[in-house]
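S.K.: Sending over start_21.txt (compact mmCIF, C-alpha atoms).
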```txt
# COMPACT_ATOMS: atom_id res chain seq x y z
CA TRP A 148 0.00 0.00 0.00
CA VAL A 149 0.94 3.67 -0.45
CA ARG A 150 -0.35 6.35 1.87
CA GLU A 151 -2.12 9.00 -0.19
CA ASP A 152 -1.17 11.99 1.96
CA PRO A 153 2.51 12.92 1.43
CA LEU A 154 4.98 12.99 4.30
CA ALA A 155 6.84 15.92 2.73
CA ALA A 156 7.02 17.86 -0.51
CA GLY A 157 9.57 19.99 -2.34
CA SER A 158 9.75 21.89 -5.60
CA LEU A 159 10.21 18.81 -7.81
CA ALA A 160 8.67 15.88 -5.91
CA GLN A 161 6.81 14.67 -2.85
CA VAL A 162 7.40 11.72 -0.54
CA HIS A 163 4.87 9.07 0.50
CA LEU A 164 4.99 6.34 3.10
CA ALA A 165 4.45 2.87 1.62
CA GLU A 166 4.73 -0.79 2.53
CA LEU A 167 6.28 -3.43 0.29
CA LYS A 168 4.00 -6.34 -0.55
CA GLN A 169 6.77 -8.89 0.00
CA GLY A 170 8.12 -8.74 3.52
CA GLY A 171 6.00 -5.81 4.65
CA GLU A 172 8.96 -3.40 4.89
CA ARG A 173 7.96 0.24 5.25
CA VAL A 174 9.62 2.51 2.71
CA ALA A 175 9.65 6.14 1.64
CA VAL A 176 8.69 6.73 -2.00
CA LYS A 177 9.80 9.94 -3.69
CA VAL A 178 7.54 10.69 -6.66
CA GLN A 179 8.28 13.42 -9.20
CA PHE A 180 5.44 15.86 -9.89
CA PRO A 181 3.65 15.39 -13.23
CA ARG A 182 4.84 17.72 -16.02
CA VAL A 183 7.57 19.25 -13.83
CA ALA A 184 10.29 18.15 -16.26
CA ARG A 185 8.51 19.89 -19.13
CA GLN A 186 8.08 23.06 -17.08
CA CYS A 187 11.74 23.03 -16.09
CA GLU A 188 12.79 22.67 -19.74
CA GLN A 189 10.69 25.70 -20.67
CA ASP A 190 12.19 27.69 -17.80
CA LEU A 191 15.73 26.73 -18.79
CA LYS A 192 15.15 27.79 -22.39
CA LEU A 193 13.84 31.15 -21.18
CA ILE A 194 16.81 31.62 -18.85
CA GLY A 195 19.20 30.73 -21.70
CA PHE A 196 17.52 33.25 -24.01
CA VAL A 197 17.57 36.04 -21.42
CA SER A 198 21.21 35.39 -20.52
CA GLY A 199 22.16 35.51 -24.21
CA VAL A 200 20.38 38.84 -24.68
CA ALA A 201 21.95 40.22 -21.51
CA ASP A 202 25.46 39.19 -22.60
CA ASN A 203 25.07 40.77 -26.04
CA LEU A 204 23.23 43.96 -25.13
CA ILE A 205 23.94 44.77 -21.49
CA PHE A 206 27.16 43.16 -20.30
CA ARG A 207 29.15 43.13 -23.56
CA SER A 208 30.96 46.39 -22.84
CA GLN A 209 31.64 45.28 -19.26
CA ARG A 210 33.19 41.97 -20.36
CA LEU A 211 30.75 40.02 -18.21
CA GLN A 212 29.08 36.78 -19.19
CA THR A 213 25.96 35.10 -17.76
CA ARG A 214 25.45 32.23 -20.19
CA TRP A 215 27.73 30.03 -18.08
CA LEU A 216 25.16 30.38 -15.30
CA ALA A 217 22.37 29.15 -17.58
CA ARG A 218 24.50 26.15 -18.62
CA CYS A 219 25.29 25.38 -14.99
CA MET A 220 21.62 25.55 -14.02
CA ARG A 221 20.72 23.14 -16.83
CA THR A 222 23.38 20.63 -15.78
CA TYR A 223 22.33 20.52 -12.15
CA LEU A 224 18.57 20.68 -12.73
CA GLU A 225 18.65 17.87 -15.27
CA GLY A 226 20.59 15.83 -12.73
CA GLU A 227 17.99 16.52 -10.04
CA LEU A 228 15.18 15.42 -12.33
CA ASP A 229 16.78 12.03 -13.02
CA PHE A 230 16.03 9.93 -9.94
CA SER A 231 17.99 6.98 -11.34
CA LEU A 232 21.10 9.17 -11.14
CA GLU A 233 20.15 10.21 -7.61
CA LEU A 234 19.84 6.53 -6.66
CA THR A 235 23.38 5.88 -7.92
CA ARG A 236 24.73 8.82 -5.91
CA MET A 237 22.82 7.64 -2.87
CA GLU A 238 24.33 4.16 -3.07
CA GLU A 239 27.82 5.58 -3.58
CA ALA A 240 27.45 7.85 -0.53
CA ARG A 241 26.12 4.96 1.55
CA ARG A 242 29.11 2.79 0.65
CA PHE A 243 31.50 5.66 1.30
CA PHE A 244 30.26 6.39 4.81
CA GLN A 245 29.95 2.71 5.69
CA GLY A 246 33.59 2.27 4.66
CA ARG A 247 34.71 5.33 6.61
CA ASN A 248 32.94 4.11 9.73
CA PHE A 249 34.41 0.61 9.67
CA GLY A 250 36.43 0.03 12.81
CA ARG A 251 35.72 3.51 14.23
CA LYS A 252 34.47 4.26 17.69
CA ALA A 253 30.84 5.33 17.91
CA LYS A 254 31.78 8.81 19.11
CA ALA A 255 33.78 9.58 15.91
CA PRO A 256 31.89 12.31 13.98
CA LEU A 257 31.55 10.35 10.73
CA SER A 258 30.04 7.38 12.54
CA ARG A 259 27.00 9.58 13.13
CA ILE A 260 26.40 9.94 9.36
CA ALA A 261 24.18 7.42 7.58
CA VAL A 262 22.41 7.10 4.23
CA PRO A 263 19.15 5.15 3.85
CA ARG A 264 19.22 2.00 1.74
CA ALA A 265 17.75 2.46 -1.73
CA VAL A 266 15.27 -0.07 -3.11
CA ARG A 267 16.26 -0.47 -6.78
CA ASP A 268 13.40 -2.78 -7.75
CA PHE A 269 10.87 -0.02 -7.06
CA SER A 270 12.83 2.95 -8.39
CA GLY A 271 13.23 4.59 -11.78
CA LYS A 272 13.77 7.90 -13.53
CA ARG A 273 10.81 9.58 -11.79
CA VAL A 274 10.38 7.40 -8.68
CA LEU A 275 12.92 6.74 -5.92
CA THR A 276 12.19 4.24 -3.14
CA MET A 277 14.30 3.93 0.01
CA GLU A 278 14.08 2.49 3.48
CA PHE A 279 11.89 4.53 5.81
CA VAL A 280 13.76 6.34 8.58
CA HIS A 281 12.10 7.77 11.68
CA GLY A 282 13.51 11.21 12.39
CA CYS A 283 12.99 14.95 12.36
CA ARG A 284 14.44 17.91 10.50
CA ALA A 285 18.02 18.80 11.41
CA THR A 286 17.34 22.14 13.11
CA ARG A 287 18.74 23.76 16.26
CA GLY A 288 15.34 23.47 17.93
CA ASN A 289 15.21 19.72 17.31
CA CYS A 290 18.81 19.34 18.51
CA ASP A 291 17.81 20.98 21.79
CA ARG A 292 14.65 18.89 22.04
CA LEU A 293 16.56 15.64 21.51
CA GLY A 294 19.38 16.63 23.85
CA ILE A 295 21.98 16.82 21.07
CA ASP A 296 24.93 19.11 21.74
CA ALA A 297 24.90 21.83 19.05
CA GLU A 298 28.70 22.02 18.90
CA SER A 299 28.93 18.27 18.40
CA PHE A 300 26.32 18.43 15.63
CA ALA A 301 28.18 21.30 13.89
CA ARG A 302 31.47 19.40 14.13
CA THR A 303 29.82 16.38 12.55
CA LEU A 304 28.67 18.46 9.56
CA VAL A 305 32.16 19.94 9.14
CA GLU A 306 33.67 16.44 9.15
CA LEU A 307 30.98 15.32 6.69
CA ASN A 308 31.84 18.03 4.16
CA ALA A 309 35.59 17.59 4.63
CA ALA A 310 35.37 13.82 4.07
CA MET A 311 33.25 14.19 0.94
CA ALA A 312 35.47 16.90 -0.57
CA LEU A 313 38.86 15.41 0.34
CA ASP A 314 38.24 11.65 0.24
CA HIS A 315 35.08 11.00 -1.76
CA LYS A 316 35.90 13.87 -4.19
CA ARG A 317 32.17 14.38 -4.70
CA VAL A 318 30.28 16.83 -2.52
CA HIS A 319 26.63 17.22 -1.57
CA CYS A 320 25.52 20.67 -2.79
CA ASP A 321 22.16 20.92 -1.02
CA LEU A 322 22.71 20.18 2.67
CA HIS A 323 19.87 22.09 4.30
CA PRO A 324 17.74 20.94 7.28
CA GLY A 325 15.03 19.50 5.04
CA ASN A 326 17.49 17.13 3.37
CA MET A 327 18.76 15.67 6.65
CA LEU A 328 17.00 13.74 9.39
CA LEU A 329 18.02 13.59 13.04
CA ALA A 330 17.25 10.24 14.63
CA LYS A 331 17.76 8.87 18.11
CA ASP A 332 20.02 5.82 17.97
CA CYS A 333 20.52 3.71 21.08
CA ASP A 334 23.43 1.84 19.44
CA ALA A 335 25.53 5.01 19.03
CA GLU A 336 27.55 6.24 22.00
CA GLU A 337 25.99 9.70 21.94
CA GLY A 338 22.60 8.35 20.94
CA TRP A 339 21.92 10.07 17.62
CA THR A 340 22.46 9.76 13.87
CA VAL A 341 22.20 12.18 10.93
CA TYR A 342 20.60 10.63 7.83
CA LEU A 343 21.23 12.18 4.42
CA ILE A 344 17.94 11.62 2.61
CA ASP A 345 18.24 13.69 -0.59
CA HIS A 346 21.05 13.18 -3.11
CA GLY A 347 19.79 15.08 -6.15
CA MET A 348 22.54 17.70 -6.33
CA TYR A 349 26.22 16.72 -6.24
CA ALA A 350 29.40 18.19 -7.69
CA ASP A 351 32.65 16.45 -8.49
CA VAL A 352 35.87 17.85 -7.03
CA GLY A 353 38.52 18.09 -9.76
CA GLU A 354 42.21 17.53 -9.12
CA ASP A 355 43.13 21.24 -9.07
CA LEU A 356 40.38 22.12 -6.62
CA HIS A 357 41.17 19.04 -4.55
CA ALA A 358 44.81 20.13 -4.21
CA LYS A 359 43.77 23.61 -3.10
CA LEU A 360 41.30 22.22 -0.58
CA CYS A 361 44.00 19.96 0.84
CA GLU A 362 46.29 22.97 1.29
CA LEU A 363 43.49 24.88 2.98
CA TRP A 364 42.14 22.10 5.20
CA LEU A 365 44.96 19.70 6.05
CA PRO A 366 48.22 20.09 7.95
CA PRO A 367 51.30 19.53 5.75
CA ARG A 368 51.92 15.97 7.01
CA ASP A 369 48.48 14.78 5.81
CA ARG A 370 48.28 16.44 2.36
CA SER A 371 49.46 13.41 0.44
```
Please rewrite the model in this file as structure tokens.
M.R.:
Amino acid sequence: WVREDPLAAGSLAQVHLAELKQGGERVAVKVQFPRVARQCEQDLKLIGFVSGVADNLIFRSQRLQTRWLARCMRTYLEGELDFSLELTRMEEARRFFQGRNFGRKAKAPLSRIAVPRAVRDFSGKRVLTMEFVHGCRATRGNCDRLGIDAESFARTLVELNAAMALDHKRVHCDLHPGNMLLAKDCDAEEGWTVYLIDHGMYADVGEDLHAKLCELWLPPRDRS
């Protein structure tokens, strides 16, 4: 069964609670809104046209260009609309954090990061199914309510971004409270876990940028 009322909704999709027929596992099903891809394509064409006019008529004498922004928007929006690509990123992130956590103590910041398991058999280009996780939005108010130390939570997010940029070389570009869930976890030493539940927008870290980030972030002995 699929619950008709959505659990949450965004600009491109909404999420429903469902139960798999075989095994009875409860899952979260992300369903893309009808016709949203067509609307996005029309918007991108308009943005491309306006940026071209602006470059030729307004910014030409100032040596400014805006068409790169239109191309960038198209790349990332097309990626967000393809849920099969999001599923691949989700599985890669899950494997990455599981590997980073192997052998670590529960109090290590990255051991508090988790990614729900995707259900490939019930996913596609416009539908993404994953295990259902009980949790709440990752806000300061919810941290206080759950007894989570705000400094510890902030340090966990810093470690998350550093690990993705420096080790995974692929970063999550949309880490806001609605794309993370805070969950109480009795198995963890500090009793909580951060779940990354949306993986629609990622960027690869090239070698040049990676080298600069290493110089910025790491002490000299660890830059190799």
S.K.: Skipping near chain neighbours, those fewer than 2 positions away, what residues fall within 8 Å of stretch 217-228 of chain A using all atoms listed in the file, listed as a ChimeraX atom specification?
M.R.: /A:159,179,184,187,191,194-195,198,213-215,230,232-233,272-273,347-348
S.K.: Could the residues in this selection be written to a file with C-alpha atoms, as a PDB file, in the frame of the given file?
M.R.:
```
ATOM      1  CA  LEU A 159      10.210  18.810  -7.810  1.00  0.00           C
ATOM      2  CA  GLN A 179       8.280  13.420  -9.200  1.00  0.00           C
ATOM      3  CA  ALA A 184      10.290  18.150 -16.260  1.00  0.00           C
ATOM      4  CA  CYS A 187      11.740  23.030 -16.090  1.00  0.00           C
ATOM      5  CA  LEU A 191      15.730  26.730 -18.790  1.00  0.00           C
ATOM      6  CA  ILE A 194      16.810  31.620 -18.850  1.00  0.00           C
ATOM      7  CA  GLY A 195      19.200  30.730 -21.700  1.00  0.00           C
ATOM      8  CA  SER A 198      21.210  35.390 -20.520  1.00  0.00           C
ATOM      9  CA  THR A 213      25.960  35.100 -17.760  1.00  0.00           C
ATOM     10  CA  ARG A 214      25.450  32.230 -20.190  1.00  0.00           C
ATOM     11  CA  TRP A 215      27.730  30.030 -18.080  1.00  0.00           C
ATOM     12  CA  PHE A 230      16.030   9.930  -9.940  1.00  0.00           C
ATOM     13  CA  LEU A 232      21.100   9.170 -11.140  1.00  0.00           C
ATOM     14  CA  GLU A 233      20.150  10.210  -7.610  1.00  0.00           C
ATOM     15  CA  LYS A 272      13.770   7.900 -13.530  1.00  0.00           C
ATOM     16  CA  ARG A 273      10.810   9.580 -11.790  1.00  0.00           C
ATOM     17  CA  GLY A 347      19.790  15.080  -6.150  1.00  0.00           C
ATOM     18  CA  MET A 348      22.540  17.700  -6.330  1.00  0.00           C
TER      19      MET A 348
END
```
S.K.: Record the distance separating atom CA of A:Leu313 and atom CA of A:Leu234, expressed in Å with one decimal.
M.R.: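 That distance, rounded to one decimal, is 22.1 Å.
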S.K.: Could you tell me how far atom CA of A:Ala265 sits from atom CA of A:Gly246, in Å to one decimal place?
M.R.: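 Atom-to-atom, atom CA of A:Gly246 to atom CA of A:Ala265, that is 17.1 Å.
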S.K.: In Å, with one decimal, what is the gap from atom CA of A:Met311 to atom CA of A:Gly294?
M.R.: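 Taking atom CA of A:Met311 as the start and atom CA of A:Gly294 as the end point, the length is 26.9 Å.
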S.K.: Give as a list in words the set of residues within 8 Å of the point (18.4, 21.4, 11.8), where distances use the file's coordinates and only C-alpha atoms.
M.R.: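 Counting only C-alpha atoms, I find these residues within 8 Å of (18.4, 21.4, 11.8): Arg284, Ala285, Thr286, Arg287, Gly288, Asn289, Cys290, His323, Pro324, Gly325, Met327 and Leu329 of chain A.
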S.K.: Pick out the residues sitting within 12 Å of stretch 357-363 of chain A, and hand them over as a VMD selection string; count all atoms listed in the file, and ignore anything fewer than 6 positions along from it in its own chain.
M.R.: chain A and resid 308 to 318 351 369 to 371
S.K.: Residues of the last selection are to be written out with C-alpha atoms, as a JSON list (two decimals), in the coordinates of the input.
M.R.:
```json
[["chain", "number", "residue", "atom", "x", "y", "z"],
["A", 308, "ASN", "CA", 31.84, 18.03, 4.16],
["A", 309, "ALA", "CA", 35.59, 17.59, 4.63],
["A", 310, "ALA", "CA", 35.37, 13.82, 4.07],
["A", 311, "MET", "CA", 33.25, 14.19, 0.94],
["A", 312, "ALA", "CA", 35.47, 16.90, -0.57],
["A", 313, "LEU", "CA", 38.86, 15.41, 0.34],
["A", 314, "ASP", "CA", 38.24, 11.65, 0.24],
["A", 315, "HIS", "CA", 35.08, 11.00, -1.76],
["A", 316, "LYS", "CA", 35.90, 13.87, -4.19],
["A", 317, "ARG", "CA", 32.17, 14.38, -4.70],
["A", 318, "VAL", "CA", 30.28, 16.83, -2.52],
["A", 351, "ASP", "CA", 32.65, 16.45, -8.49],
["A", 369, "ASP", "CA", 48.48, 14.78, 5.81],
["A", 370, "ARG", "CA", 48.28, 16.44, 2.36],
["A", 371, "SER", "CA", 49.46, 13.41, 0.44]]
```
S.K.: Quick one: residues within 12 Å of (35.6, 3.6, 5.1) (file frame), counting all atoms listed in the file, please, as a list of chain:residue names.
M.R.: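 Selection result: A:Glu239, A:Ala240, A:Arg241, A:Arg242, A:Phe243, A:Phe244, A:Gln245, A:Gly246, A:Arg247, A:Asn248, A:Phe249, A:Gly250, A:Arg251, A:Leu257, A:Ser258, A:Ile260, A:Ala310, A:Met311, A:Asp314, A:His315.
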S.K.: For each of A:Val341, A:Ser158, A:Met277, A:Thr303, take the minimum atom-to-atom distance to A:Glu172, counting all atoms listed in the file, then give the residue where this is smallest.
M.R.: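 With all atoms listed in the file as the atom set, the closest residue is A:Met277.
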S.K.: Skip A:Ala155 itself and residues of its chain fewer than 6 positions away, then list as a list of chain:residue names all residues within 12 Å of it, counting only C-alpha atoms.
M.R.: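 Counting only C-alpha atoms, the residues come to A:Gln161, A:Val162, A:His163, A:Leu164, A:Ala175, A:Val176, A:Lys177, A:Val178, A:Cys283, A:Arg284, A:Gly325, A:Asn326, A:Ile344.
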S.K.: Between A:Leu204, A:Val197, A:Leu154, A:Leu322, which one has atoms that come closest to A:Gly282, using all atoms listed in the file?
M.R.: A:Leu154
S.K.: Here is a test: counting only C-alpha atoms, which residue of A:Thr276, A:Ser231, A:Gln189, A:Gln212 is nearest to A:Val174?
M.R.: A:Thr276
S.K.: Need to verify the contact set: A:Gln169, 12 Å, only C-alpha atoms, exclusion of same-chain residues closer than 3 positions in sequence. Can you return it as an mmCIF file with C-alpha atoms, in the coordinates of the input?
M.R.:
```cif
data_model
loop_
_atom_site.group_PDB
_atom_site.id
_atom_site.type_symbol
_atom_site.label_atom_id
_atom_site.label_comp_id
_atom_site.auth_asym_id
_atom_site.auth_seq_id
_atom_site.Cartn_x
_atom_site.Cartn_y
_atom_site.Cartn_z
ATOM 1 C CA TRP A 148 0.000 0.000 0.000
ATOM 2 C CA GLU A 166 4.730 -0.790 2.530
ATOM 3 C CA GLU A 172 8.960 -3.400 4.890
ATOM 4 C CA ARG A 173 7.960 0.240 5.250
ATOM 5 C CA ASP A 268 13.400 -2.780 -7.750
#
```
S.K.: For each of A:Ala165, A:Leu216, A:Ala301, A:Ala261, take the minimum atom-to-atom distance to A:Tyr342, counting only C-alpha atoms, then give the residue where this is smallest.
M.R.: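 Among the listed residues, A:Ala261 lies closest to A:Tyr342.
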